[in-house]
$ cat model.pdb   # PDB, C-alpha atoms
ATOM      1  CA  MET A   1     -45.775 -12.894  -4.409
ATOM      2  CA  LYS A   2     -44.818  -9.226  -4.744
ATOM      3  CA  GLU A   3     -44.126  -9.104  -1.020
ATOM      4  CA  ASP A   4     -41.819 -12.131  -1.292
ATOM      5  CA  LYS A   5     -39.924 -10.550  -4.181
ATOM      6  CA  ARG A   6     -39.608  -7.293  -2.278
ATOM      7  CA  LEU A   7     -38.279  -9.142   0.783
ATOM      8  CA  LYS A   8     -35.774 -11.115  -1.287
ATOM      9  CA  ARG A   9     -34.596  -7.938  -2.983
ATOM     10  CA  LYS A  10     -34.229  -6.245   0.395
ATOM     11  CA  VAL A  11     -32.209  -9.161   1.795
ATOM     12  CA  ARG A  12     -30.032  -9.212  -1.323
ATOM     13  CA  ASN A  13     -29.378  -5.495  -0.985
ATOM     14  CA  PHE A  14     -28.387  -5.949   2.660
ATOM     15  CA  TYR A  15     -25.998  -8.716   1.626
ATOM     16  CA  PHE A  16     -24.427  -6.528  -1.061
ATOM     17  CA  VAL A  17     -24.104  -3.527   1.261
ATOM     18  CA  SER A  18     -22.506  -5.560   4.038
ATOM     19  CA  THR A  19     -20.061  -7.190   1.599
ATOM     20  CA  ALA A  20     -19.102  -3.819   0.130
ATOM     21  CA  SER A  21     -18.768  -2.332   3.619
ATOM     22  CA  ILE A  22     -16.398  -5.083   4.756
ATOM     23  CA  SER A  23     -14.347  -4.683   1.556
ATOM     24  CA  LEU A  24     -13.991  -0.932   2.067
ATOM     25  CA  VAL A  25     -13.108  -1.354   5.738
ATOM     26  CA  LEU A  26     -10.448  -3.946   4.892
ATOM     27  CA  PHE A  27      -9.085  -1.698   2.141
ATOM     28  CA  LEU A  28      -8.900   1.248   4.525
ATOM     29  CA  LEU A  29      -7.197  -0.814   7.230
ATOM     30  CA  GLY A  30      -4.785  -2.258   4.658
ATOM     31  CA  SER A  31      -3.934   1.235   3.424
ATOM     32  CA  VAL A  32      -3.253   2.416   6.970
ATOM     33  CA  GLY A  33      -1.133  -0.699   7.542
ATOM     34  CA  TYR A  34       0.830   0.087   4.382
ATOM     35  CA  LEU A  35       1.425   3.658   5.560
ATOM     36  CA  MET A  36       2.567   2.385   8.957
ATOM     37  CA  LEU A  37       4.999  -0.081   7.341
ATOM     38  CA  ALA A  38       6.301   2.661   5.058
ATOM     39  CA  ALA A  39       6.705   5.039   8.002
ATOM     40  CA  ILE A  40       8.587   2.389   9.994
ATOM     41  CA  GLU A  41      10.901   1.702   7.036
ATOM     42  CA  VAL A  42      11.600   5.425   6.639
ATOM     43  CA  ALA A  43      12.198   5.736  10.381
ATOM     44  CA  HIS A  44      14.674   2.835  10.298
ATOM     45  CA  GLY A  45      16.403   4.467   7.350
ATOM     46  CA  LEU A  46      16.712   7.773   9.200
ATOM     47  CA  GLN A  47      17.986   6.076  12.346
ATOM     48  CA  SER A  48      20.528   4.121  10.320
ATOM     49  CA  SER A  49      21.718   7.284   8.557
ATOM     50  CA  ILE A  50      23.415   8.605  11.703
ATOM     51  CA  GLN A  51      27.155   8.131  11.296
ATOM     52  CA  VAL A  52      29.803   7.466  13.907
ATOM     53  CA  SER A  53      33.431   8.211  13.071
ATOM     54  CA  VAL A  54      36.033   6.136  14.925
ATOM     55  CA  GLU A  55      39.372   7.883  14.348
ATOM     56  CA  LEU A  56      42.528   5.802  14.784
ATOM     57  CA  ARG A  57      45.934   6.729  16.149
ATOM     58  CA  ASP A  58      48.831   7.055  13.730
ATOM     59  CA  GLY A  59      51.234   4.202  13.362
ATOM     60  CA  LEU A  60      48.829   1.310  13.900
ATOM     61  CA  THR A  61      49.771  -1.998  12.339
ATOM     62  CA  ASN A  62      47.395  -3.935  10.117
ATOM     63  CA  GLU A  63      46.839  -6.446  12.935
ATOM     64  CA  GLN A  64      45.816  -3.697  15.373
ATOM     65  CA  ARG A  65      43.522  -2.104  12.825
ATOM     66  CA  ASN A  66      41.923  -5.457  11.985
ATOM     67  CA  ALA A  67      41.379  -6.127  15.698
ATOM     68  CA  ILE A  68      39.440  -2.860  16.030
ATOM     69  CA  ALA A  69      37.430  -3.735  12.911
ATOM     70  CA  ARG A  70      36.524  -7.145  14.370
ATOM     71  CA  GLN A  71      35.449  -5.524  17.636
ATOM     72  CA  LEU A  72      33.194  -3.115  15.749
ATOM     73  CA  ASN A  73      31.738  -5.841  13.520
ATOM     74  CA  ASP A  74      30.901  -7.999  16.518
ATOM     75  CA  ASP A  75      28.831  -5.263  18.150
ATOM     76  CA  GLU A  76      25.044  -5.585  17.621
ATOM     77  CA  LEU A  77      24.622  -1.811  17.217
ATOM     78  CA  VAL A  78      26.856  -1.591  14.141
ATOM     79  CA  ASN A  79      25.034  -1.814  10.821
ATOM     80  CA  THR A  80      27.807  -1.043   8.321
ATOM     81  CA  ILE A  81      31.509  -0.301   8.674
ATOM     82  CA  VAL A  82      33.842   1.316   6.127
ATOM     83  CA  PHE A  83      37.538   2.060   6.513
ATOM     84  CA  VAL A  84      38.600   5.481   5.192
ATOM     85  CA  GLY A  85      42.304   6.277   5.012
ATOM     86  CA  LYS A  86      43.622   9.766   5.737
ATOM     87  CA  ASP A  87      44.973  10.127   2.199
ATOM     88  CA  GLU A  88      41.521   9.347   0.815
ATOM     89  CA  LYS A  89      40.024  11.998   3.100
ATOM     90  CA  ALA A  90      42.576  14.603   2.011
ATOM     91  CA  ALA A  91      41.763  13.917  -1.638
ATOM     92  CA  ASP A  92      38.025  14.383  -1.101
ATOM     93  CA  THR A  93      36.662  17.272  -3.176
ATOM     94  CA  GLU A  94      34.191  18.454  -0.537
ATOM     95  CA  PHE A  95      36.935  18.510   2.090
ATOM     96  CA  ARG A  96      39.190  20.563  -0.202
ATOM     97  CA  LYS A  97      36.482  23.216  -0.654
ATOM     98  CA  MET A  98      36.824  24.186   3.015
ATOM     99  CA  PHE A  99      40.301  25.556   2.412
ATOM    100  CA  GLU A 100      41.280  28.600   0.400
ATOM    101  CA  SER A 101      44.644  27.053  -0.477
ATOM    102  CA  GLU A 102      46.335  23.667  -0.369
ATOM    103  CA  PHE A 103      46.944  22.760   3.284
ATOM    104  CA  GLU A 104      50.091  20.879   2.228
ATOM    105  CA  GLU A 105      51.690  24.303   1.650
ATOM    106  CA  ILE A 106      51.252  25.085   5.351
ATOM    107  CA  LEU A 107      51.654  21.682   7.039
ATOM    108  CA  ASP A 108      54.450  19.216   6.524
ATOM    109  CA  GLU A 109      52.168  16.168   6.770
ATOM    110  CA  ASN A 110      48.572  15.144   6.468
ATOM    111  CA  PRO A 111      46.857  16.158   9.751
ATOM    112  CA  LEU A 112      43.927  13.796   9.282
ATOM    113  CA  CYS A 113      43.502  10.351  10.841
ATOM    114  CA  ASP A 114      42.536   6.985   9.415
ATOM    115  CA  SER A 115      39.032   6.115  10.578
ATOM    116  CA  PHE A 116      36.223   3.614  10.516
ATOM    117  CA  GLU A 117      32.939   5.202   9.399
ATOM    118  CA  LEU A 118      29.976   3.413  10.983
ATOM    119  CA  THR A 119      26.222   3.445  10.581
ATOM    120  CA  LEU A 120      24.137   2.075  13.429
ATOM    121  CA  THR A 121      21.030  -0.083  13.645
ATOM    122  CA  ALA A 122      17.656   1.085  14.973
ATOM    123  CA  ARG A 123      18.646  -0.298  18.381
ATOM    124  CA  SER A 124      20.788   2.797  18.798
ATOM    125  CA  ALA A 125      17.574   4.505  19.928
ATOM    126  CA  ASP A 126      18.306   3.038  23.370
ATOM    127  CA  LYS A 127      20.406   5.759  25.026
ATOM    128  CA  GLU A 128      22.051   3.397  27.492
ATOM    129  CA  LEU A 129      23.142   1.036  24.714
ATOM    130  CA  ILE A 130      24.613   3.787  22.543
ATOM    131  CA  ASP A 131      26.365   5.460  25.484
ATOM    132  CA  THR A 132      27.919   2.125  26.500
ATOM    133  CA  PHE A 133      28.965   1.471  22.903
ATOM    134  CA  ILE A 134      30.594   4.905  22.465
ATOM    135  CA  ALA A 135      32.376   4.644  25.813
ATOM    136  CA  GLY A 136      33.667   1.160  25.025
ATOM    137  CA  ILE A 137      34.995   2.101  21.583
ATOM    138  CA  SER A 138      36.542   5.345  22.863
ATOM    139  CA  HIS A 139      38.702   3.385  25.313
ATOM    140  CA  ALA A 140      39.675   0.670  22.851
ATOM    141  CA  GLU A 141      43.393   0.325  22.177
ATOM    142  CA  GLY A 142      44.426   2.230  19.062
ATOM    143  CA  VAL A 143      41.359   4.525  18.965
ATOM    144  CA  ASP A 144      42.163   8.237  19.138
ATOM    145  CA  ARG A 145      38.609   9.602  19.460
ATOM    146  CA  VAL A 146      35.004   8.874  18.516
ATOM    147  CA  THR A 147      32.796  11.486  16.857
ATOM    148  CA  TYR A 148      29.054  11.006  17.296
ATOM    149  CA  PRO A 149      26.204  13.552  16.778
ATOM    150  CA  ALA A 150      24.563  12.719  20.121
ATOM    151  CA  LEU A 151      22.113  15.639  20.269
ATOM    152  CA  MET A 152      20.888  15.178  16.702
ATOM    153  CA  ALA A 153      20.504  11.422  17.231
ATOM    154  CA  GLU A 154      18.556  11.919  20.453
ATOM    155  CA  ARG A 155      16.148  14.340  18.784
ATOM    156  CA  LEU A 156      15.731  12.041  15.791
ATOM    157  CA  HIS A 157      14.963   8.999  17.942
ATOM    158  CA  ALA A 158      12.468  11.009  20.004
ATOM    159  CA  THR A 159      10.700  12.240  16.869
ATOM    160  CA  VAL A 160      10.540   8.742  15.382
ATOM    161  CA  GLY A 161       9.093   7.411  18.647
ATOM    162  CA  LYS A 162       6.351  10.066  18.603
ATOM    163  CA  ILE A 163       5.485   9.317  14.972
ATOM    164  CA  ARG A 164       5.161   5.602  15.743
ATOM    165  CA  LEU A 165       2.924   6.313  18.733
ATOM    166  CA  VAL A 166       0.642   8.598  16.688
ATOM    167  CA  LEU A 167       0.364   6.018  13.897
ATOM    168  CA  LEU A 168      -0.355   3.256  16.403
ATOM    169  CA  LEU A 169      -3.101   5.255  18.130
ATOM    170  CA  PHE A 170      -4.598   6.303  14.785
ATOM    171  CA  GLY A 171      -4.556   2.737  13.467
ATOM    172  CA  GLY A 172      -6.072   1.383  16.695
ATOM    173  CA  ALA A 173      -8.869   3.965  16.709
ATOM    174  CA  LEU A 174      -9.614   3.318  13.044
ATOM    175  CA  LEU A 175      -9.707  -0.433  13.671
ATOM    176  CA  VAL A 176     -12.217  -0.085  16.524
ATOM    177  CA  ILE A 177     -14.461   2.308  14.568
ATOM    178  CA  SER A 178     -14.350   0.094  11.479
ATOM    179  CA  LEU A 179     -15.202  -3.068  13.409
ATOM    180  CA  VAL A 180     -18.156  -1.347  15.087
ATOM    181  CA  LEU A 181     -19.513  -0.212  11.714
ATOM    182  CA  VAL A 182     -19.073  -3.666  10.170
ATOM    183  CA  SER A 183     -20.687  -5.300  13.196
ATOM    184  CA  ASN A 184     -23.752  -3.062  12.862
ATOM    185  CA  THR A 185     -23.986  -3.739   9.119
ATOM    186  CA  ILE A 186     -23.893  -7.531   9.577
ATOM    187  CA  ARG A 187     -26.287  -7.297  12.518
ATOM    188  CA  LEU A 188     -28.782  -5.460  10.300
ATOM    189  CA  ALA A 189     -28.422  -8.131   7.608
ATOM    190  CA  ILE A 190     -29.199 -10.884  10.155
ATOM    191  CA  TYR A 191     -31.971  -8.735  11.643
ATOM    192  CA  SER A 192     -33.728  -8.689   8.277
ATOM    193  CA  LYS A 193     -33.924 -12.517   8.490
ATOM    194  CA  ARG A 194     -35.073 -12.760  12.118
ATOM    195  CA  TYR A 195     -38.542 -14.040  11.176
ATOM    196  CA  GLN A 196     -36.982 -16.791   9.062
ATOM    197  CA  ILE A 197     -34.799 -17.778  12.027
ATOM    198  CA  ASN A 198     -37.793 -17.810  14.369
ATOM    199  CA  THR A 199     -39.847 -19.943  11.952
ATOM    200  CA  MET A 200     -37.057 -22.519  11.790
ATOM    201  CA  LYS A 201     -36.941 -22.587  15.595
ATOM    202  CA  LEU A 202     -40.706 -23.134  15.828
ATOM    203  CA  VAL A 203     -40.600 -26.169  13.529
ATOM    204  CA  GLY A 204     -37.907 -27.757  15.728
ATOM    205  CA  ALA A 205     -34.709 -27.011  13.809
ATOM    206  CA  THR A 206     -31.530 -27.368  15.850
ATOM    207  CA  LYS A 207     -29.236 -24.437  16.490
ATOM    208  CA  TRP A 208     -26.534 -25.774  14.177
ATOM    209  CA  PHE A 209     -29.082 -26.471  11.396
ATOM    210  CA  ILE A 210     -30.224 -22.835  11.590
ATOM    211  CA  MET A 211     -26.702 -21.420  11.710
ATOM    212  CA  LYS A 212     -25.186 -23.551   8.935
ATOM    213  CA  PRO A 213     -26.619 -21.711   5.879
ATOM    214  CA  PHE A 214     -25.892 -18.317   7.452
ATOM    215  CA  LEU A 215     -22.300 -19.272   8.259
ATOM    216  CA  ARG A 216     -21.842 -20.679   4.751
ATOM    217  CA  SER A 217     -23.130 -17.408   3.375
ATOM    218  CA  SER A 218     -20.829 -15.424   5.696
ATOM    219  CA  LEU A 219     -17.840 -17.481   4.510
ATOM    220  CA  THR A 220     -18.667 -16.632   0.905
ATOM    221  CA  GLN A 221     -19.185 -13.018   1.904
ATOM    222  CA  GLY A 222     -15.821 -12.930   3.697
ATOM    223  CA  ILE A 223     -13.991 -14.383   0.696
ATOM    224  CA  LEU A 224     -15.641 -11.911  -1.674
ATOM    225  CA  SER A 225     -14.909  -9.015   0.700
ATOM    226  CA  GLY A 226     -11.266 -10.039   1.070
ATOM    227  CA  LEU A 227     -10.853 -10.447  -2.692
ATOM    228  CA  GLY A 228     -12.484  -7.094  -3.349
ATOM    229  CA  ALA A 229     -10.321  -5.308  -0.781
ATOM    230  CA  ALA A 230      -7.125  -7.026  -1.977
ATOM    231  CA  LEU A 231      -7.887  -6.182  -5.607
ATOM    232  CA  LEU A 232      -8.670  -2.547  -4.779
ATOM    233  CA  PHE A 233      -5.521  -2.268  -2.668
ATOM    234  CA  ALA A 234      -3.328  -3.888  -5.342
ATOM    235  CA  LEU A 235      -4.682  -1.531  -8.017
ATOM    236  CA  THR A 236      -4.104   1.469  -5.741
ATOM    237  CA  VAL A 237      -0.512   0.462  -4.935
ATOM    238  CA  TYR A 238       0.164  -0.256  -8.620
ATOM    239  CA  GLY A 239      -1.170   3.156  -9.619
ATOM    240  CA  LEU A 240       0.877   4.916  -6.936
ATOM    241  CA  THR A 241       4.097   3.085  -7.791
ATOM    242  CA  GLU A 242       3.625   3.931 -11.472
ATOM    243  CA  ALA A 243       3.405   7.603 -10.509
ATOM    244  CA  VAL A 244       6.006   7.469  -7.703
ATOM    245  CA  PRO A 245       8.326   4.441  -8.198
ATOM    246  CA  GLU A 246      10.170   5.233  -4.950
ATOM    247  CA  LEU A 247       7.163   4.008  -2.971
ATOM    248  CA  LEU A 248       7.932   0.405  -3.897
ATOM    249  CA  THR A 249      11.372   0.691  -2.301
ATOM    250  CA  ILE A 250       9.867   1.880   1.003
ATOM    251  CA  ALA A 251       7.638  -1.139   1.670
ATOM    252  CA  ARG A 252       9.069  -4.450   0.476
ATOM    253  CA  ALA A 253       7.161  -6.834  -1.784
ATOM    254  CA  GLU A 254       6.845  -9.494   0.923
ATOM    255  CA  GLU A 255       5.225  -6.952   3.235
ATOM    256  CA  LEU A 256       2.696  -6.045   0.536
ATOM    257  CA  LEU A 257       1.897  -9.732   0.010
ATOM    258  CA  LEU A 258       1.483 -10.116   3.770
ATOM    259  CA  LEU A 259      -1.012  -7.237   3.794
ATOM    260  CA  LEU A 260      -2.979  -8.838   0.954
ATOM    261  CA  GLY A 261      -3.076 -12.119   2.869
ATOM    262  CA  VAL A 262      -4.224 -10.350   6.030
ATOM    263  CA  MET A 263      -7.036  -8.704   4.051
ATOM    264  CA  MET A 264      -8.205 -12.073   2.740
ATOM    265  CA  GLY A 265      -8.064 -13.703   6.155
ATOM    266  CA  GLY A 266      -9.530 -10.620   7.829
ATOM    267  CA  GLY A 267     -12.562 -10.649   5.543
ATOM    268  CA  ILE A 268     -13.356 -14.267   6.452
ATOM    269  CA  CYS A 269     -12.739 -13.771  10.192
ATOM    270  CA  ILE A 270     -14.680 -10.512  10.489
ATOM    271  CA  SER A 271     -17.666 -11.803   8.547
ATOM    272  CA  GLY A 272     -17.714 -15.145  10.364
ATOM    273  CA  ILE A 273     -17.276 -13.790  13.914
ATOM    274  CA  PHE A 274     -19.859 -11.019  13.648
ATOM    275  CA  THR A 275     -22.346 -13.277  11.851
ATOM    276  CA  LEU A 276     -21.955 -15.884  14.588
ATOM    277  CA  ALA A 277     -22.467 -13.253  17.313
ATOM    278  CA  ALA A 278     -25.607 -11.846  15.639
ATOM    279  CA  LEU A 279     -27.032 -15.340  15.016
ATOM    280  CA  ASN A 280     -26.555 -16.340  18.647
ATOM    281  CA  LYS A 281     -28.489 -13.304  19.747
ATOM    282  CA  PHE A 282     -31.536 -13.984  17.565
ATOM    283  CA  ILE A 283     -31.489 -17.778  17.957
ATOM    284  CA  ASN A 284     -31.444 -17.489  21.739
ATOM    285  CA  MET A 285     -34.100 -14.762  21.774
ATOM    286  CA  LYS A 286     -37.646 -15.803  22.715
ATOM    287  CA  SER A 287     -40.225 -15.753  19.935
ATOM    288  CA  ASN A 288     -42.406 -13.064  21.503
ATOM    289  CA  LYS A 289     -39.386 -10.745  21.806
ATOM    290  CA  ILE A 290     -38.388 -11.252  18.182
ATOM    291  CA  TYR A 291     -41.661  -9.742  17.017
ATOM    292  CA  LEU A 292     -41.181  -6.821  19.413
ATOM    293  CA  TYR A 293     -37.514  -6.294  18.563
TER     294      TYR A 293
END
$ encode --input "model.pdb" --output "structure tokens"
Amino acid sequence: MKEDKRLKRKVRNFYFVSTASISLVLFLLGSVGYLMLAAIEVAHGLQSSIQVSVELRDGLTNEQRNAIARQLNDDELVNTIVFVGKDEKAADTEFRKMFESEFEEILDENPLCDSFELTLTARSADKELIDTFIAGISHAEGVDRVTYPALMAERLHATVGKIRLVLLLFGGALLVISLVLVSNTIRLAIYSKRYQINTMKLVGATKWFIMKPFLRSSLTQGILSGLGAALLFALTVYGLTEAVPELLTIARAEELLLLLGVMMGGGICISGIFTLAALNKFINMKSNKIYLY
């Protein structure tokens, strides 16, 4: 009787440990996924912060200016477009600070040009696309010149690419390590029940009959693991956003909900797949090897 109680307690402890392990692994993977999403959003923001100034020739009619605006709007690289008149530029406080005196005292007219101020999409990371875009706009009728910080943009895109690669490699390595640890934990839990599996085989139970209660248990375990990980993740994100509200603007709410859903589904899939693999091993193993295993 004492031996049976000790065995049941041991099996229950294995079940608890494996469930907690899966929850922690899912929480860790979800946290890394959140950091990757946040890093990608920041990278897109940085790439979209690069401005292109399309300066126009003097004397353009409204129709000519609108035609240039339509051409810019139709291009897939353009994210936003704002028209800035030369009088508005001359009245800018920051621009005025560059001069010791009023430039109107020296020049008879405003030397500045009307312009369209553009921000680009993340696709501007493709050098061929951006070079083609700049060349095309520079030769457009009515455009005087195009100002674009090419060197800064190239360095920024290269840095963003490296950051994405590092995050991808880190996330992939963490995923592999986590799955190996979870697999070993579930394998140990099934290992503790190998004699029960062998006894069911000896009395003529079919493979599906043996697997059914274990798979039902793994489904429950996966749901509990997913719920635990999702709850822990939600509490962590809530605590962080209370301390740093800007974090919520980096990763959108729908992305956070997607991560929570992935955790729930991941708990069920991980538990079910590894339980099935471990069961197959012990069900297909010969009885004499089970006692030697």
$ closest_residue --input "model.pdb" --among "A:Arg155, A:Tyr148, A:Thr199, A:Phe233" --to "Ala135 in chain A" --atoms "only C-alpha atoms"
A:Tyr148
$ closest_residue --input "model.pdb" --among "A:Leu279, A:Ala229, A:Leu179, A:Leu174" --to "Phe209 in chain A" --atoms "all atoms listed in the file"
A:Leu279
$ resolve_selection --input "model.pdb" --expression "the PyMOL selection byres ((chain A and resi 180-193) around 7)" --output "JSON, numbers by chain"
{"A": [11, 14, 15, 18, 21, 22, 176, 177, 178, 179, 194, 195, 196, 197, 274, 275, 278, 279]}
$ resolve_selection --input "model.pdb" --expression "the PyMOL selection byres ((chain A and resi 164-171) around 9)" --output "JSON, numbers by chain"
{"A": [29, 32, 33, 35, 36, 39, 40, 43, 159, 160, 161, 162, 163, 172, 173, 174, 175, 176]}
$ resolve_selection --input "model.pdb" --expression "the PyMOL selection byres ((chain A and resi 141) around 10)" --output "ChimeraX atom specification"
/A:56-57,60,64-65,67-68,137-140,142-144
$ atom_distance --input "model.pdb" --atom1 "CA of Glu154 in chain A" --atom2 "CA of Ser124 in chain A"
9.5 Å
$ closest_residue --input "model.pdb" --among "A:Arg70, A:Lys286, A:His44, A:Lys86" --to "Lys201 in chain A" --atoms "all atoms listed in the file"
A:Lys286
$ atom_distance --input "model.pdb" --atom1 "CA of Gly266 in chain A" --atom2 "CA of Tyr238 in chain A"
21.7 Å
$ atom_distance --input "model.pdb" --atom1 "CA of Gly267 in chain A" --atom2 "CA of Phe214 in chain A"
15.5 Å
$ residues_around --input "model.pdb" --residues "Ser23 in chain A" --least-positions-apart "4" --cutoff "10 Å" --atoms "only C-alpha atoms" --output "list in words"
Val17, Ser18, Thr19, Phe27, Leu28, Leu29, Val182, Gln221, Gly222, Ile223, Leu224, Ser225, Gly226, Leu227, Gly228, Ala229, Ala230, Leu231, Leu232, Met263, Met264, Gly266 and Gly267 of chain A
$ residues_around --input "model.pdb" --residues "Glu76 in chain A" --least-positions-apart "4" --cutoff "12 Å" --atoms "only C-alpha atoms" --output "list of chain:residue names"
A:Gln71, A:Leu72, A:Thr80, A:Thr119, A:Leu120, A:Thr121, A:Ala122, A:Arg123, A:Ser124, A:Leu129, A:Ile130, A:Phe133
$ axis_aligned_box --input "model.pdb" --around "range 212-216 of chain A" --padding-each-side "4 Å" --output "AutoDock Vina command-line options"
--center_x -24.2 --center_y -20.9 --center_z 6.8 --size_x 12.8 --size_y 13.2 --size_z 12.2
$ build_atoms --input "model.pdb" --residues "range 171-179 of chain A" --atoms "all heavy atoms" --output "mmCIF file, in the coordinates of the input"
data_model
loop_
_atom_site.group_PDB
_atom_site.id
_atom_site.type_symbol
_atom_site.label_atom_id
_atom_site.label_comp_id
_atom_site.auth_asym_id
_atom_site.auth_seq_id
_atom_site.Cartn_x
_atom_site.Cartn_y
_atom_site.Cartn_z
ATOM 1 N N GLY A 171 -4.168 4.039 14.002
ATOM 2 C CA GLY A 171 -4.556 2.737 13.467
ATOM 3 C C GLY A 171 -5.478 1.980 14.401
ATOM 4 O O GLY A 171 -6.442 1.344 13.962
ATOM 5 N N GLY A 172 -5.212 2.057 15.721
ATOM 6 C CA GLY A 172 -6.072 1.383 16.695
ATOM 7 C C GLY A 172 -7.471 1.969 16.725
ATOM 8 O O GLY A 172 -8.471 1.232 16.763
ATOM 9 N N ALA A 173 -7.556 3.310 16.708
ATOM 10 C CA ALA A 173 -8.869 3.965 16.709
ATOM 11 C C ALA A 173 -9.647 3.635 15.440
ATOM 12 O O ALA A 173 -10.854 3.357 15.486
ATOM 13 C CB ALA A 173 -8.687 5.484 16.836
ATOM 14 N N LEU A 174 -8.958 3.644 14.310
ATOM 15 C CA LEU A 174 -9.614 3.318 13.044
ATOM 16 C C LEU A 174 -10.100 1.881 13.044
ATOM 17 O O LEU A 174 -11.204 1.582 12.547
ATOM 18 C CB LEU A 174 -8.642 3.552 11.887
ATOM 19 C CG LEU A 174 -9.181 3.256 10.492
ATOM 20 C CD1 LEU A 174 -10.342 4.171 10.163
ATOM 21 C CD2 LEU A 174 -8.070 3.431 9.454
ATOM 22 N N LEU A 175 -9.316 0.975 13.610
ATOM 23 C CA LEU A 175 -9.707 -0.433 13.671
ATOM 24 C C LEU A 175 -10.986 -0.615 14.494
ATOM 25 O O LEU A 175 -11.915 -1.317 14.082
ATOM 26 C CB LEU A 175 -8.570 -1.261 14.266
ATOM 27 C CG LEU A 175 -8.847 -2.751 14.465
ATOM 28 C CD1 LEU A 175 -9.116 -3.430 13.139
ATOM 29 C CD2 LEU A 175 -7.682 -3.425 15.178
ATOM 30 N N VAL A 176 -11.035 0.031 15.658
ATOM 31 C CA VAL A 176 -12.217 -0.085 16.524
ATOM 32 C C VAL A 176 -13.455 0.477 15.834
ATOM 33 O O VAL A 176 -14.522 -0.162 15.814
ATOM 34 C CB VAL A 176 -11.963 0.633 17.862
ATOM 35 C CG1 VAL A 176 -13.249 0.695 18.682
ATOM 36 C CG2 VAL A 176 -10.869 -0.082 18.654
ATOM 37 N N ILE A 177 -13.321 1.675 15.249
ATOM 38 C CA ILE A 177 -14.461 2.308 14.568
ATOM 39 C C ILE A 177 -14.940 1.445 13.404
ATOM 40 O O ILE A 177 -16.149 1.239 13.209
ATOM 41 C CB ILE A 177 -14.075 3.718 14.078
ATOM 42 C CG1 ILE A 177 -13.816 4.644 15.279
ATOM 43 C CG2 ILE A 177 -15.174 4.304 13.199
ATOM 44 C CD1 ILE A 177 -13.207 5.968 14.901
ATOM 45 N N SER A 178 -13.989 0.915 12.645
ATOM 46 C CA SER A 178 -14.350 0.094 11.479
ATOM 47 C C SER A 178 -15.071 -1.179 11.901
ATOM 48 O O SER A 178 -16.075 -1.574 11.285
ATOM 49 C CB SER A 178 -13.088 -0.259 10.692
ATOM 50 O OG SER A 178 -12.433 0.904 10.248
ATOM 51 N N LEU A 179 -14.577 -1.830 12.948
ATOM 52 C CA LEU A 179 -15.202 -3.068 13.409
ATOM 53 C C LEU A 179 -16.610 -2.809 13.936
ATOM 54 O O LEU A 179 -17.514 -3.636 13.733
ATOM 55 C CB LEU A 179 -14.342 -3.713 14.494
ATOM 56 C CG LEU A 179 -13.001 -4.298 14.021
ATOM 57 C CD1 LEU A 179 -12.251 -4.901 15.194
ATOM 58 C CD2 LEU A 179 -13.206 -5.344 12.935
#
